[in-house]
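Structure data follow from data_26.csv (CSV, N, CA and C atoms):
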chain,number,residue,atom,x,y,z
O,11,GLN,N,-16.0,-134.2,205.9
O,11,GLN,CA,-15.9,-132.8,206.0
O,11,GLN,C,-15.7,-132.2,204.6
O,12,LEU,N,-16.6,-131.2,204.3
O,12,LEU,CA,-16.5,-130.5,203.0
O,12,LEU,C,-15.2,-129.7,202.9
O,13,GLN,N,-14.5,-129.9,201.8
O,13,GLN,CA,-13.3,-129.1,201.6
O,13,GLN,C,-13.1,-128.7,200.1
O,14,LEU,N,-12.8,-127.5,199.9
O,14,LEU,CA,-12.5,-127.0,198.5
O,14,LEU,C,-11.1,-126.4,198.5
O,15,VAL,N,-10.3,-126.8,197.5
O,15,VAL,CA,-9.0,-126.3,197.3
O,15,VAL,C,-8.8,-125.8,195.9
O,16,GLU,N,-8.4,-124.5,195.8
O,16,GLU,CA,-8.1,-123.9,194.5
O,16,GLU,C,-6.6,-124.1,194.2
O,17,SER,N,-6.3,-124.1,192.9
O,17,SER,CA,-5.0,-124.2,192.5
O,17,SER,C,-4.9,-123.6,191.1
O,18,GLY,N,-3.7,-123.4,190.6
O,18,GLY,CA,-3.5,-122.9,189.2
O,18,GLY,C,-3.2,-121.5,189.1
O,19,GLY,N,-3.2,-120.7,190.2
O,19,GLY,CA,-2.9,-119.3,190.1
O,19,GLY,C,-1.4,-119.1,189.8
O,20,GLY,N,-1.1,-117.8,189.6
O,20,GLY,CA,0.3,-117.5,189.3
O,20,GLY,C,0.4,-116.1,188.7
O,21,LEU,N,1.6,-115.8,188.1
O,21,LEU,CA,1.9,-114.6,187.4
O,21,LEU,C,1.8,-114.8,185.9
O,22,VAL,N,1.1,-114.0,185.2
O,22,VAL,CA,0.9,-114.1,183.8
O,22,VAL,C,0.9,-112.8,183.2
O,23,GLN,N,1.4,-112.7,182.0
O,23,GLN,CA,1.5,-111.4,181.2
O,23,GLN,C,0.1,-111.0,180.7
O,24,PRO,N,-0.2,-109.8,180.5
O,24,PRO,CA,-1.4,-109.4,179.9
O,24,PRO,C,-1.6,-110.1,178.5
O,25,GLY,N,-2.8,-110.6,178.3
O,25,GLY,CA,-3.1,-111.3,177.1
O,25,GLY,C,-2.9,-112.8,177.3
O,26,GLY,N,-2.3,-113.2,178.4
O,26,GLY,CA,-2.1,-114.6,178.6
O,26,GLY,C,-3.3,-115.4,179.2
O,27,SER,N,-3.0,-116.7,179.5
O,27,SER,CA,-4.1,-117.5,180.0
O,27,SER,C,-3.7,-118.3,181.2
O,28,LEU,N,-4.6,-118.6,182.0
O,28,LEU,CA,-4.4,-119.5,183.2
O,28,LEU,C,-5.7,-120.4,183.3
O,29,LYS,N,-5.5,-121.5,183.9
O,29,LYS,CA,-6.6,-122.4,184.2
O,29,LYS,C,-6.6,-122.8,185.7
O,30,LEU,N,-7.6,-122.3,186.3
O,30,LEU,CA,-7.7,-122.6,187.8
O,30,LEU,C,-8.5,-123.9,188.0
O,31,SER,N,-8.2,-124.5,189.1
O,31,SER,CA,-8.9,-125.7,189.4
O,31,SER,C,-9.5,-125.6,190.8
O,32,CYS,N,-10.7,-126.1,191.0
O,32,CYS,CA,-11.3,-126.2,192.3
O,32,CYS,C,-11.6,-127.6,192.6
O,33,THR,N,-10.8,-128.2,193.5
O,33,THR,CA,-11.0,-129.6,193.8
O,33,THR,C,-11.7,-129.8,195.1
O,34,ALA,N,-12.8,-130.7,195.0
O,34,ALA,CA,-13.6,-130.9,196.2
O,34,ALA,C,-13.3,-132.2,196.9
O,35,SER,N,-13.4,-132.3,198.2
O,35,SER,CA,-13.3,-133.5,198.9
O,35,SER,C,-14.3,-133.5,200.0
O,36,GLY,N,-14.8,-134.7,200.3
O,36,GLY,CA,-15.8,-134.9,201.3
O,36,GLY,C,-17.2,-134.7,200.8
O,37,PHE,N,-17.4,-134.4,199.5
O,37,PHE,CA,-18.7,-134.3,198.9
O,37,PHE,C,-18.5,-134.4,197.4
O,38,SER,N,-19.6,-134.7,196.7
O,38,SER,CA,-19.6,-134.7,195.3
O,38,SER,C,-20.1,-133.4,194.7
O,39,LEU,N,-19.3,-132.9,193.8
O,39,LEU,CA,-19.7,-131.6,193.2
O,39,LEU,C,-21.0,-131.7,192.3
O,40,ASP,N,-21.3,-133.0,191.9
O,40,ASP,CA,-22.5,-133.2,191.1
O,40,ASP,C,-23.7,-132.5,191.7
O,41,PHE,N,-23.8,-132.5,193.1
O,41,PHE,CA,-25.0,-132.0,193.7
O,41,PHE,C,-24.9,-130.6,194.3
O,42,TYR,N,-23.9,-129.9,193.8
O,42,TYR,CA,-23.7,-128.6,194.3
O,42,TYR,C,-23.6,-127.5,193.2
O,43,THR,N,-24.0,-126.3,193.5
O,43,THR,CA,-23.8,-125.2,192.6
O,43,THR,C,-22.4,-124.6,193.0
O,44,ILE,N,-21.6,-124.4,192.0
O,44,ILE,CA,-20.2,-123.9,192.2
O,44,ILE,C,-20.1,-122.5,191.7
O,45,GLY,N,-19.5,-121.6,192.5
O,45,GLY,CA,-19.2,-120.3,192.1
O,45,GLY,C,-17.7,-120.0,192.2
O,46,TRP,N,-17.3,-119.2,191.2
O,46,TRP,CA,-16.0,-118.6,191.3
O,46,TRP,C,-16.1,-117.1,191.6
O,47,PHE,N,-15.3,-116.7,192.5
O,47,PHE,CA,-15.2,-115.3,193.0
O,47,PHE,C,-13.8,-114.8,193.0
O,48,ARG,N,-13.7,-113.5,193.0
O,48,ARG,CA,-12.4,-112.9,193.1
O,48,ARG,C,-12.4,-111.6,194.0
O,49,GLN,N,-11.3,-111.4,194.6
O,49,GLN,CA,-11.2,-110.2,195.5
O,49,GLN,C,-9.9,-109.5,195.3
O,50,ALA,N,-9.9,-108.3,194.8
O,50,ALA,CA,-8.7,-107.5,194.6
O,50,ALA,C,-8.5,-106.7,195.8
O,51,PRO,N,-7.2,-106.2,196.0
O,51,PRO,CA,-6.9,-105.4,197.2
O,51,PRO,C,-7.8,-104.2,197.3
O,52,GLY,N,-8.4,-104.0,198.4
O,52,GLY,CA,-9.2,-102.8,198.6
O,52,GLY,C,-10.6,-102.9,198.0
O,53,LYS,N,-11.0,-104.0,197.4
O,53,LYS,CA,-12.2,-104.1,196.7
O,53,LYS,C,-13.1,-105.2,197.4
O,54,GLU,N,-14.4,-105.2,197.1
O,54,GLU,CA,-15.2,-106.2,197.6
O,54,GLU,C,-15.1,-107.5,196.8
O,55,ARG,N,-15.4,-108.6,197.4
O,55,ARG,CA,-15.4,-109.9,196.6
O,55,ARG,C,-16.5,-109.8,195.6
O,56,GLU,N,-16.2,-110.2,194.4
O,56,GLU,CA,-17.2,-110.2,193.3
O,56,GLU,C,-17.3,-111.6,192.7
O,57,GLY,N,-18.6,-112.0,192.3
O,57,GLY,CA,-18.8,-113.2,191.6
O,57,GLY,C,-18.5,-113.1,190.2
O,58,ILE,N,-17.8,-114.0,189.6
O,58,ILE,CA,-17.4,-113.9,188.2
O,58,ILE,C,-18.1,-115.0,187.3
O,59,VAL,N,-18.4,-116.1,187.9
O,59,VAL,CA,-19.1,-117.1,187.2
O,59,VAL,C,-19.7,-118.1,188.2
O,60,CYS,N,-20.8,-118.7,187.9
O,60,CYS,CA,-21.4,-119.8,188.7
O,60,CYS,C,-21.9,-120.9,187.8
O,61,LEU,N,-21.8,-122.1,188.2
O,61,LEU,CA,-22.3,-123.2,187.5
O,61,LEU,C,-23.3,-123.9,188.4
O,62,THR,N,-24.5,-123.8,188.0
O,62,THR,CA,-25.6,-124.3,188.9
O,62,THR,C,-25.8,-125.8,188.8
O,63,ARG,N,-26.4,-126.4,189.9
O,63,ARG,CA,-26.8,-127.8,189.8
O,63,ARG,C,-28.1,-127.9,189.1
O,64,THR,N,-28.7,-126.7,188.8
O,64,THR,CA,-30.0,-126.6,188.1
O,64,THR,C,-29.7,-126.7,186.6
O,65,TYR,N,-29.6,-127.9,186.0
O,65,TYR,CA,-29.4,-128.1,184.6
O,65,TYR,C,-28.0,-127.7,184.2
O,66,GLY,N,-27.1,-127.4,185.1
O,66,GLY,CA,-25.8,-127.0,184.7
O,66,GLY,C,-25.8,-125.6,184.1
O,67,THR,N,-26.8,-124.8,184.4
O,67,THR,CA,-26.8,-123.4,183.9
O,67,THR,C,-25.6,-122.6,184.4
O,68,THR,N,-25.1,-121.8,183.5
O,68,THR,CA,-24.0,-120.9,183.9
O,68,THR,C,-24.4,-119.4,183.8
O,69,TYR,N,-23.8,-118.7,184.7
O,69,TYR,CA,-24.0,-117.2,184.7
O,69,TYR,C,-22.6,-116.6,184.8
O,70,TYR,N,-22.4,-115.6,184.0
O,70,TYR,CA,-21.1,-114.9,184.0
O,70,TYR,C,-21.2,-113.4,184.3
O,71,LEU,N,-20.2,-112.9,185.0
O,71,LEU,CA,-20.0,-111.4,185.1
O,71,LEU,C,-19.7,-110.9,183.7
O,72,ASP,N,-20.4,-109.8,183.3
O,72,ASP,CA,-20.2,-109.3,182.0
O,72,ASP,C,-18.8,-109.1,181.5
O,73,SER,N,-18.0,-108.6,182.5
O,73,SER,CA,-16.6,-108.3,182.1
O,73,SER,C,-15.7,-109.5,181.8
O,74,VAL,N,-16.2,-110.7,182.1
O,74,VAL,CA,-15.4,-111.9,181.8
O,74,VAL,C,-16.1,-112.8,180.9
O,75,LYS,N,-17.3,-112.5,180.5
O,75,LYS,CA,-18.1,-113.4,179.7
O,75,LYS,C,-17.4,-114.0,178.5
O,76,ASP,N,-16.7,-113.2,177.7
O,76,ASP,CA,-16.1,-113.6,176.5
O,76,ASP,C,-14.7,-114.1,176.7
O,77,ARG,N,-14.2,-114.2,177.9
O,77,ARG,CA,-12.8,-114.5,178.1
O,77,ARG,C,-12.7,-115.7,179.1
O,78,PHE,N,-13.6,-115.9,180.0
O,78,PHE,CA,-13.5,-117.0,181.0
O,78,PHE,C,-14.6,-118.1,180.7
O,79,THR,N,-14.2,-119.3,181.0
O,79,THR,CA,-15.1,-120.4,180.8
O,79,THR,C,-15.0,-121.4,182.0
O,80,VAL,N,-16.2,-121.7,182.5
O,80,VAL,CA,-16.2,-122.7,183.6
O,80,VAL,C,-16.6,-124.0,183.1
O,81,SER,N,-16.0,-125.1,183.7
O,81,SER,CA,-16.4,-126.4,183.3
O,81,SER,C,-16.2,-127.3,184.5
O,82,ARG,N,-16.8,-128.5,184.4
O,82,ARG,CA,-16.8,-129.5,185.5
O,82,ARG,C,-16.4,-130.8,185.0
O,83,ASP,N,-15.5,-131.5,185.8
O,83,ASP,CA,-15.2,-132.9,185.6
O,83,ASP,C,-15.7,-133.7,186.7
O,84,ASN,N,-16.8,-134.3,186.6
O,84,ASN,CA,-17.4,-135.0,187.7
O,84,ASN,C,-16.6,-136.2,188.1
O,85,ALA,N,-16.0,-136.8,187.2
O,85,ALA,CA,-15.2,-138.0,187.6
O,85,ALA,C,-14.0,-137.6,188.5
O,86,LYS,N,-13.4,-136.5,188.3
O,86,LYS,CA,-12.3,-136.0,189.1
O,86,LYS,C,-12.8,-135.1,190.3
O,87,ASN,N,-14.1,-134.8,190.2
O,87,ASN,CA,-14.6,-133.9,191.3
O,87,ASN,C,-14.0,-132.6,191.3
O,88,VAL,N,-13.8,-132.0,190.1
O,88,VAL,CA,-13.1,-130.8,190.0
O,88,VAL,C,-13.9,-129.8,189.1
O,89,VAL,N,-13.9,-128.6,189.4
O,89,VAL,CA,-14.4,-127.5,188.5
O,89,VAL,C,-13.3,-126.6,188.1
O,90,TYR,N,-13.3,-126.3,186.8
O,90,TYR,CA,-12.2,-125.5,186.3
O,90,TYR,C,-12.7,-124.1,185.9
O,91,LEU,N,-11.7,-123.2,185.9
O,91,LEU,CA,-12.0,-121.9,185.3
O,91,LEU,C,-10.9,-121.5,184.4
O,92,GLN,N,-11.2,-121.6,183.1
O,92,GLN,CA,-10.2,-121.3,182.1
O,92,GLN,C,-10.3,-119.8,181.8
O,93,MET,N,-9.2,-119.1,182.0
O,93,MET,CA,-9.2,-117.6,181.8
O,93,MET,C,-8.2,-117.3,180.7
O,94,ASN,N,-8.8,-116.6,179.7
O,94,ASN,CA,-8.0,-116.2,178.5
O,94,ASN,C,-8.0,-114.7,178.4
O,95,SER,N,-7.1,-114.2,177.6
O,95,SER,CA,-7.0,-112.7,177.4
O,95,SER,C,-7.0,-111.9,178.7
O,96,LEU,N,-6.2,-112.4,179.6
O,96,LEU,CA,-6.1,-111.8,180.9
O,96,LEU,C,-5.7,-110.3,180.9
O,97,LYS,N,-6.2,-109.5,181.8
O,97,LYS,CA,-5.9,-108.1,181.8
O,97,LYS,C,-5.4,-107.8,183.2
O,98,PRO,N,-4.7,-106.7,183.4
O,98,PRO,CA,-4.2,-106.3,184.7
O,98,PRO,C,-5.3,-106.2,185.7
O,99,GLU,N,-6.5,-105.8,185.3
O,99,GLU,CA,-7.6,-105.6,186.2
O,99,GLU,C,-8.2,-107.0,186.7
O,100,ASP,N,-7.7,-108.1,186.1
O,100,ASP,CA,-8.1,-109.4,186.6
O,100,ASP,C,-7.3,-109.9,187.8
O,101,THR,N,-6.3,-109.1,188.1
O,101,THR,CA,-5.5,-109.4,189.3
O,101,THR,C,-6.3,-109.4,190.6
O,102,ALA,N,-6.2,-110.6,191.3
O,102,ALA,CA,-7.0,-110.7,192.5
O,102,ALA,C,-6.7,-112.1,193.1
O,103,VAL,N,-7.2,-112.3,194.3
O,103,VAL,CA,-7.3,-113.7,194.8
O,103,VAL,C,-8.6,-114.3,194.3
O,104,TYR,N,-8.5,-115.5,193.8
O,104,TYR,CA,-9.7,-116.2,193.2
O,104,TYR,C,-10.1,-117.3,194.1
O,105,TYR,N,-11.4,-117.4,194.4
O,105,TYR,CA,-12.0,-118.3,195.3
O,105,TYR,C,-13.0,-119.1,194.6
O,106,CYS,N,-13.2,-120.4,195.0
O,106,CYS,CA,-14.3,-121.1,194.6
O,106,CYS,C,-15.2,-121.4,195.8
O,107,ALA,N,-16.5,-121.6,195.6
O,107,ALA,CA,-17.4,-121.8,196.6
O,107,ALA,C,-18.5,-122.8,196.2
O,108,ALA,N,-19.1,-123.5,197.1
O,108,ALA,CA,-20.1,-124.5,196.8
O,108,ALA,C,-21.3,-124.4,197.7
O,109,ASP,N,-22.4,-124.7,197.2
O,109,ASP,CA,-23.7,-124.7,198.0
O,109,ASP,C,-24.6,-125.7,197.3
O,110,ARG,N,-25.5,-126.3,198.1
O,110,ARG,CA,-26.4,-127.3,197.6
O,110,ARG,C,-27.7,-126.7,197.0
O,111,LYS,N,-27.9,-125.4,197.2
O,111,LYS,CA,-29.1,-124.8,196.7
O,111,LYS,C,-29.2,-124.9,195.2
O,112,TYR,N,-30.4,-124.9,194.7
O,112,TYR,CA,-30.7,-124.8,193.3
O,112,TYR,C,-30.9,-123.3,193.0
O,113,PHE,N,-30.3,-122.9,191.9
O,113,PHE,CA,-30.4,-121.5,191.5
O,113,PHE,C,-31.1,-121.4,190.1
O,114,TYR,N,-32.0,-120.4,190.0
O,114,TYR,CA,-32.7,-120.2,188.7
O,114,TYR,C,-32.4,-118.8,188.2
O,115,SER,N,-31.4,-118.2,188.7
O,115,SER,CA,-31.1,-116.9,188.2
O,115,SER,C,-29.6,-116.6,188.6
O,116,ASP,N,-29.2,-115.4,188.3
O,116,ASP,CA,-27.8,-115.1,188.7
O,116,ASP,C,-27.5,-114.8,190.1
O,117,TYR,N,-28.5,-115.1,191.0
O,117,TYR,CA,-28.2,-115.0,192.4
O,117,TYR,C,-27.0,-115.8,192.9
O,118,CYS,N,-26.7,-116.8,192.0
O,118,CYS,CA,-25.5,-117.6,192.4
O,118,CYS,C,-24.2,-116.8,192.2
O,119,LEU,N,-24.3,-115.6,191.7
O,119,LEU,CA,-23.1,-114.8,191.6
O,119,LEU,C,-22.8,-114.0,192.9
O,120,TYR,N,-23.7,-114.1,193.9
O,120,TYR,CA,-23.6,-113.4,195.2
O,120,TYR,C,-23.0,-114.3,196.2
O,121,SER,N,-22.0,-113.7,196.9
O,121,SER,CA,-21.2,-114.5,197.8
O,121,SER,C,-22.0,-115.0,199.0
O,122,TYR,N,-23.0,-114.3,199.4
O,122,TYR,CA,-23.9,-114.8,200.5
O,122,TYR,C,-24.7,-116.0,200.2
O,123,SER,N,-24.7,-116.4,199.0
O,123,SER,CA,-25.4,-117.6,198.6
O,123,SER,C,-24.7,-118.9,198.9
O,124,TYR,N,-23.4,-118.8,199.4
O,124,TYR,CA,-22.6,-120.0,199.6
O,124,TYR,C,-22.2,-120.3,201.0
O,125,ASP,N,-22.2,-121.6,201.3
O,125,ASP,CA,-21.8,-122.0,202.7
O,125,ASP,C,-20.3,-122.4,202.8
O,126,SER,N,-19.8,-123.0,201.7
O,126,SER,CA,-18.4,-123.6,201.7
O,126,SER,C,-17.5,-122.8,200.8
O,127,TRP,N,-16.3,-122.5,201.3
O,127,TRP,CA,-15.3,-121.8,200.5
O,127,TRP,C,-13.9,-122.4,200.5
O,128,GLY,N,-13.2,-122.2,199.5
O,128,GLY,CA,-11.8,-122.5,199.5
O,128,GLY,C,-10.9,-121.4,200.0
O,129,GLN,N,-9.6,-121.6,200.1
O,129,GLN,CA,-8.7,-120.7,200.7
O,129,GLN,C,-8.3,-119.6,199.7
O,130,GLY,N,-8.5,-119.8,198.4
O,130,GLY,CA,-8.1,-118.9,197.4
O,130,GLY,C,-6.8,-119.1,196.8
O,131,THR,N,-6.6,-118.6,195.6
O,131,THR,CA,-5.3,-118.7,194.8
O,131,THR,C,-5.1,-117.4,194.2
O,132,GLN,N,-3.9,-116.9,194.2
O,132,GLN,CA,-3.5,-115.6,193.7
O,132,GLN,C,-3.3,-115.6,192.2
O,133,VAL,N,-3.9,-114.7,191.5
O,133,VAL,CA,-3.7,-114.5,190.1
O,133,VAL,C,-3.2,-113.0,189.9
O,134,THR,N,-2.0,-112.9,189.3
O,134,THR,CA,-1.4,-111.6,189.1
O,134,THR,C,-1.2,-111.5,187.6
O,135,VAL,N,-1.7,-110.4,187.0
O,135,VAL,CA,-1.6,-110.2,185.6
O,135,VAL,C,-0.7,-108.9,185.4
O,136,SER,N,0.5,-109.1,185.0
O,136,SER,CA,1.4,-108.0,184.9
O,136,SER,C,2.5,-108.3,183.9
O,137,SER,N,3.0,-107.2,183.3
O,137,SER,CA,4.2,-107.4,182.4
O,137,SER,C,5.5,-107.1,183.2
Before we go any further, please render this structure as structure tokens.
Amino acid sequence: QLQLVESGGGLVQPGGSLKLSCTASGFSLDFYTIGWFRQAPGKEREGIVCLTRTYGTTYYLDSVKDRFTVSRDNAKNVVYLQMNSLKPEDTAVYYCAADRKYFYSDYCLYSYSYDSWGQGTQVTVSS
């Protein structure tokens, strides 16, 4: 059974950093495209970065491009999201998602592209 579990969320001051983990079980992340999404209260879920199974291409939301970095550890079956220079507007529940599709564009930033989702982890950026 495919399962994704996010961890690493918490409370951080503006300008600080967090590293989120997305741990997979029941399948190998090598063969999946992974997306990171977030949803703030009262807002729609938005895609912030995806790491495709198509040559490992990455696509980032413009507002996080210079601050967030996605990486994959195939041996541990984990995908990470390193978040630096965090801002209050980054406050949200962060989700990872996985799908076997190949992506050749930033369509992997759209939530409807994914079949499997984690439960989410809260990130709060506040002083």
Select, counting all atoms listed in the file, all protein, DNA and RNA residues no farther than 8 Å from (-27.4, -113.9, 186.7) in file coordinates, and express the selection as a VMD selection string.
chain O and resid 68 to 71 114 to 119
Distance criterion (only N, CA and C atoms): nearest to Trp46 (chain O) out of O:Pro24, O:Tyr112, O:Asp125, O:Tyr105
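Looking at the shortest contact to Trp46 (chain O), the residue is O:Tyr105.
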CA of Gln13 (chain O) to CA of Thr79 (chain O), straight-line distance in Å
22.6 Å
Residue contacts of Glu16 (chain O) (6 Å, all atoms listed in the file) excluding same-chain residues fewer than 3 positions away, as a ChimeraX atom specification:
/O:31-33,128-131
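Nearest to Thr134 (chain O) of all the residues O:Val22, O:Leu39, O:Arg48, O:Asp76 is O:Val22, based on all atoms listed in the file.
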For a cutoff of 6 Å around the file-coordinate point (-25.7, -130.3, 198.7), which residues qualify once you count all atoms listed in the file? I'd like the result as a count of residues only.
5
Between O:Leu30, O:Val74, O:Val133, O:Leu14, which is the closest to Tyr104 (chain O) once you count all atoms listed in the file?
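Closest candidate: O:Val133.
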Return the single residue from O:Leu12, O:Thr101, O:Leu61, O:Gly18 that is closest to Ala34 (chain O), with distances computed using all atoms listed in the file.
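So, comparing all the options, the nearest one is O:Leu12.
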Please measure the separation of atom C of Gly45 (chain O) and CA of Gln23 (chain O), giving the value in Å to one decimal.
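Computing the Euclidean distance for atom C of Gly45 (chain O) and CA of Gln23 (chain O) yields 23.7 Å.
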When you draw a straight line from atom C of Arg55 (chain O) to atom C of Lys97 (chain O), how long is it in Å?
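Atom-to-atom, atom C of Arg55 (chain O) to atom C of Lys97 (chain O), that is 16.8 Å.
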Any chance you could list, as a PyMOL selection string, the residues in region 51-136 of chain O that come up strand (DSSP E or B) when DSSP is run on the backbone?
chain O and resi 56-61+68-70+78-83+88-93+102-109+126-127+131-135
As a list in words, list the residues of region 40-129 of chain O assigned to helix (DSSP H, G or I) by DSSP on the backbone atoms of this structure.
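Output for region 40-129 of chain O, helix (DSSP H, G or I) only: Asp40, Phe41, Asp72, Ser73, Val74, Pro98, Glu99, Asp100, Asp116, Tyr117, Cys118, Leu119, Ser121, Tyr122 and Ser123 of chain O.
Among the candidates O:Pro51, O:Gly36, O:Trp127, O:Gln132, the residue lying nearest to Cys106 (chain O) is O:Trp127 (atoms considered: only N, CA and C atoms).
Of the listed residues O:Lys29, O:Lys86, O:Lys53, O:Arg63, the one whose atoms come nearest to Ala102 (chain O) is O:Lys53, with distances taken using only C-alpha atoms.
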Nearby residues (only C-alpha atoms) at most 9 Å from Ser81 (chain O), same-chain spacing under 3 positions excluded, as a VMD selection string
chain O and resid 61 88 to 92
Would you mind exporting region 77-97 of chain O with N, CA, C and O atoms, as a PDB file, in the first residue's frame?
ATOM      1  N   ARG O  77      14.593  30.289  -2.710  1.00  0.00           N
ATOM      2  CA  ARG O  77      14.641  30.025  -1.268  1.00  0.00           C
ATOM      3  C   ARG O  77      14.458  28.555  -0.924  1.00  0.00           C
ATOM      4  O   ARG O  77      14.971  28.090   0.101  1.00  0.00           O
ATOM      5  N   PHE O  78      13.734  27.824  -1.740  1.00  0.00           N
ATOM      6  CA  PHE O  78      13.439  26.418  -1.461  1.00  0.00           C
ATOM      7  C   PHE O  78      14.204  25.519  -2.418  1.00  0.00           C
ATOM      8  O   PHE O  78      14.395  25.856  -3.593  1.00  0.00           O
ATOM      9  N   THR O  79      14.600  24.349  -1.911  1.00  0.00           N
ATOM     10  CA  THR O  79      15.313  23.383  -2.743  1.00  0.00           C
ATOM     11  C   THR O  79      14.779  21.984  -2.467  1.00  0.00           C
ATOM     12  O   THR O  79      14.677  21.579  -1.294  1.00  0.00           O
ATOM     13  N   VAL O  80      14.450  21.276  -3.514  1.00  0.00           N
ATOM     14  CA  VAL O  80      13.984  19.898  -3.379  1.00  0.00           C
ATOM     15  C   VAL O  80      15.139  18.949  -3.699  1.00  0.00           C
ATOM     16  O   VAL O  80      15.980  19.244  -4.558  1.00  0.00           O
ATOM     17  N   SER O  81      15.177  17.836  -2.975  1.00  0.00           N
ATOM     18  CA  SER O  81      16.194  16.825  -3.235  1.00  0.00           C
ATOM     19  C   SER O  81      15.628  15.459  -2.900  1.00  0.00           C
ATOM     20  O   SER O  81      14.604  15.344  -2.224  1.00  0.00           O
ATOM     21  N   ARG O  82      16.297  14.439  -3.388  1.00  0.00           N
ATOM     22  CA  ARG O  82      15.812  13.074  -3.213  1.00  0.00           C
ATOM     23  C   ARG O  82      16.948  12.196  -2.710  1.00  0.00           C
ATOM     24  O   ARG O  82      18.072  12.288  -3.191  1.00  0.00           O
ATOM     25  N   ASP O  83      16.656  11.343  -1.734  1.00  0.00           N
ATOM     26  CA  ASP O  83      17.598  10.325  -1.279  1.00  0.00           C
ATOM     27  C   ASP O  83      16.965   8.983  -1.602  1.00  0.00           C
ATOM     28  O   ASP O  83      16.111   8.492  -0.854  1.00  0.00           O
ATOM     29  N   ASN O  84      17.382   8.412  -2.710  1.00  0.00           N
ATOM     30  CA  ASN O  84      16.761   7.155  -3.146  1.00  0.00           C
ATOM     31  C   ASN O  84      17.020   6.005  -2.173  1.00  0.00           C
ATOM     32  O   ASN O  84      16.169   5.143  -1.988  1.00  0.00           O
ATOM     33  N   ALA O  85      18.179   6.008  -1.554  1.00  0.00           N
ATOM     34  CA  ALA O  85      18.515   4.927  -0.629  1.00  0.00           C
ATOM     35  C   ALA O  85      17.576   4.921   0.576  1.00  0.00           C
ATOM     36  O   ALA O  85      17.213   3.853   1.089  1.00  0.00           O
ATOM     37  N   LYS O  86      17.177   6.110   1.007  1.00  0.00           N
ATOM     38  CA  LYS O  86      16.275   6.214   2.157  1.00  0.00           C
ATOM     39  C   LYS O  86      14.814   6.322   1.735  1.00  0.00           C
ATOM     40  O   LYS O  86      13.923   6.325   2.591  1.00  0.00           O
ATOM     41  N   ASN O  87      14.604   6.456   0.425  1.00  0.00           N
ATOM     42  CA  ASN O  87      13.249   6.598  -0.104  1.00  0.00           C
ATOM     43  C   ASN O  87      12.564   7.843   0.469  1.00  0.00           C
ATOM     44  O   ASN O  87      11.382   7.809   0.878  1.00  0.00           O
ATOM     45  N   VAL O  88      13.291   8.917   0.483  1.00  0.00           N
ATOM     46  CA  VAL O  88      12.822  10.176   1.064  1.00  0.00           C
ATOM     47  C   VAL O  88      13.076  11.319   0.087  1.00  0.00           C
ATOM     48  O   VAL O  88      14.114  11.341  -0.581  1.00  0.00           O
ATOM     49  N   VAL O  89      12.132  12.235   0.025  1.00  0.00           N
ATOM     50  CA  VAL O  89      12.316  13.486  -0.698  1.00  0.00           C
ATOM     51  C   VAL O  89      12.283  14.615   0.321  1.00  0.00           C
ATOM     52  O   VAL O  89      11.423  14.625   1.211  1.00  0.00           O
ATOM     53  N   TYR O  90      13.220  15.531   0.181  1.00  0.00           N
ATOM     54  CA  TYR O  90      13.345  16.627   1.134  1.00  0.00           C
ATOM     55  C   TYR O  90      12.935  17.949   0.486  1.00  0.00           C
ATOM     56  O   TYR O  90      13.060  18.134  -0.729  1.00  0.00           O
ATOM     57  N   LEU O  91      12.506  18.858   1.330  1.00  0.00           N
ATOM     58  CA  LEU O  91      12.257  20.230   0.903  1.00  0.00           C
ATOM     59  C   LEU O  91      12.983  21.139   1.892  1.00  0.00           C
ATOM     60  O   LEU O  91      12.549  21.279   3.044  1.00  0.00           O
ATOM     61  N   GLN O  92      14.089  21.688   1.453  1.00  0.00           N
ATOM     62  CA  GLN O  92      14.836  22.638   2.273  1.00  0.00           C
ATOM     63  C   GLN O  92      14.263  24.025   2.030  1.00  0.00           C
ATOM     64  O   GLN O  92      14.234  24.496   0.892  1.00  0.00           O
ATOM     65  N   MET O  93      13.835  24.657   3.103  1.00  0.00           N
ATOM     66  CA  MET O  93      13.204  25.976   2.997  1.00  0.00           C
ATOM     67  C   MET O  93      14.039  26.982   3.777  1.00  0.00           C
ATOM     68  O   MET O  93      14.210  26.843   4.991  1.00  0.00           O
ATOM     69  N   ASN O  94      14.544  27.966   3.077  1.00  0.00           N
ATOM     70  CA  ASN O  94      15.365  29.011   3.686  1.00  0.00           C
ATOM     71  C   ASN O  94      14.681  30.366   3.553  1.00  0.00           C
ATOM     72  O   ASN O  94      13.757  30.530   2.750  1.00  0.00           O
ATOM     73  N   SER O  95      15.146  31.318   4.332  1.00  0.00           N
ATOM     74  CA  SER O  95      14.622  32.688   4.279  1.00  0.00           C
ATOM     75  C   SER O  95      13.099  32.700   4.353  1.00  0.00           C
ATOM     76  O   SER O  95      12.418  33.354   3.558  1.00  0.00           O
ATOM     77  N   LEU O  96      12.578  31.968   5.301  1.00  0.00           N
ATOM     78  CA  LEU O  96      11.127  31.817   5.399  1.00  0.00           C
ATOM     79  C   LEU O  96      10.449  33.126   5.750  1.00  0.00           C
ATOM     80  O   LEU O  96      10.989  33.960   6.499  1.00  0.00           O
ATOM     81  N   LYS O  97       9.246  33.289   5.199  1.00  0.00           N
ATOM     82  CA  LYS O  97       8.453  34.500   5.393  1.00  0.00           C
ATOM     83  C   LYS O  97       7.115  34.133   6.018  1.00  0.00           C
ATOM     84  O   LYS O  97       6.654  32.988   5.878  1.00  0.00           O
TER      85      LYS O  97
END
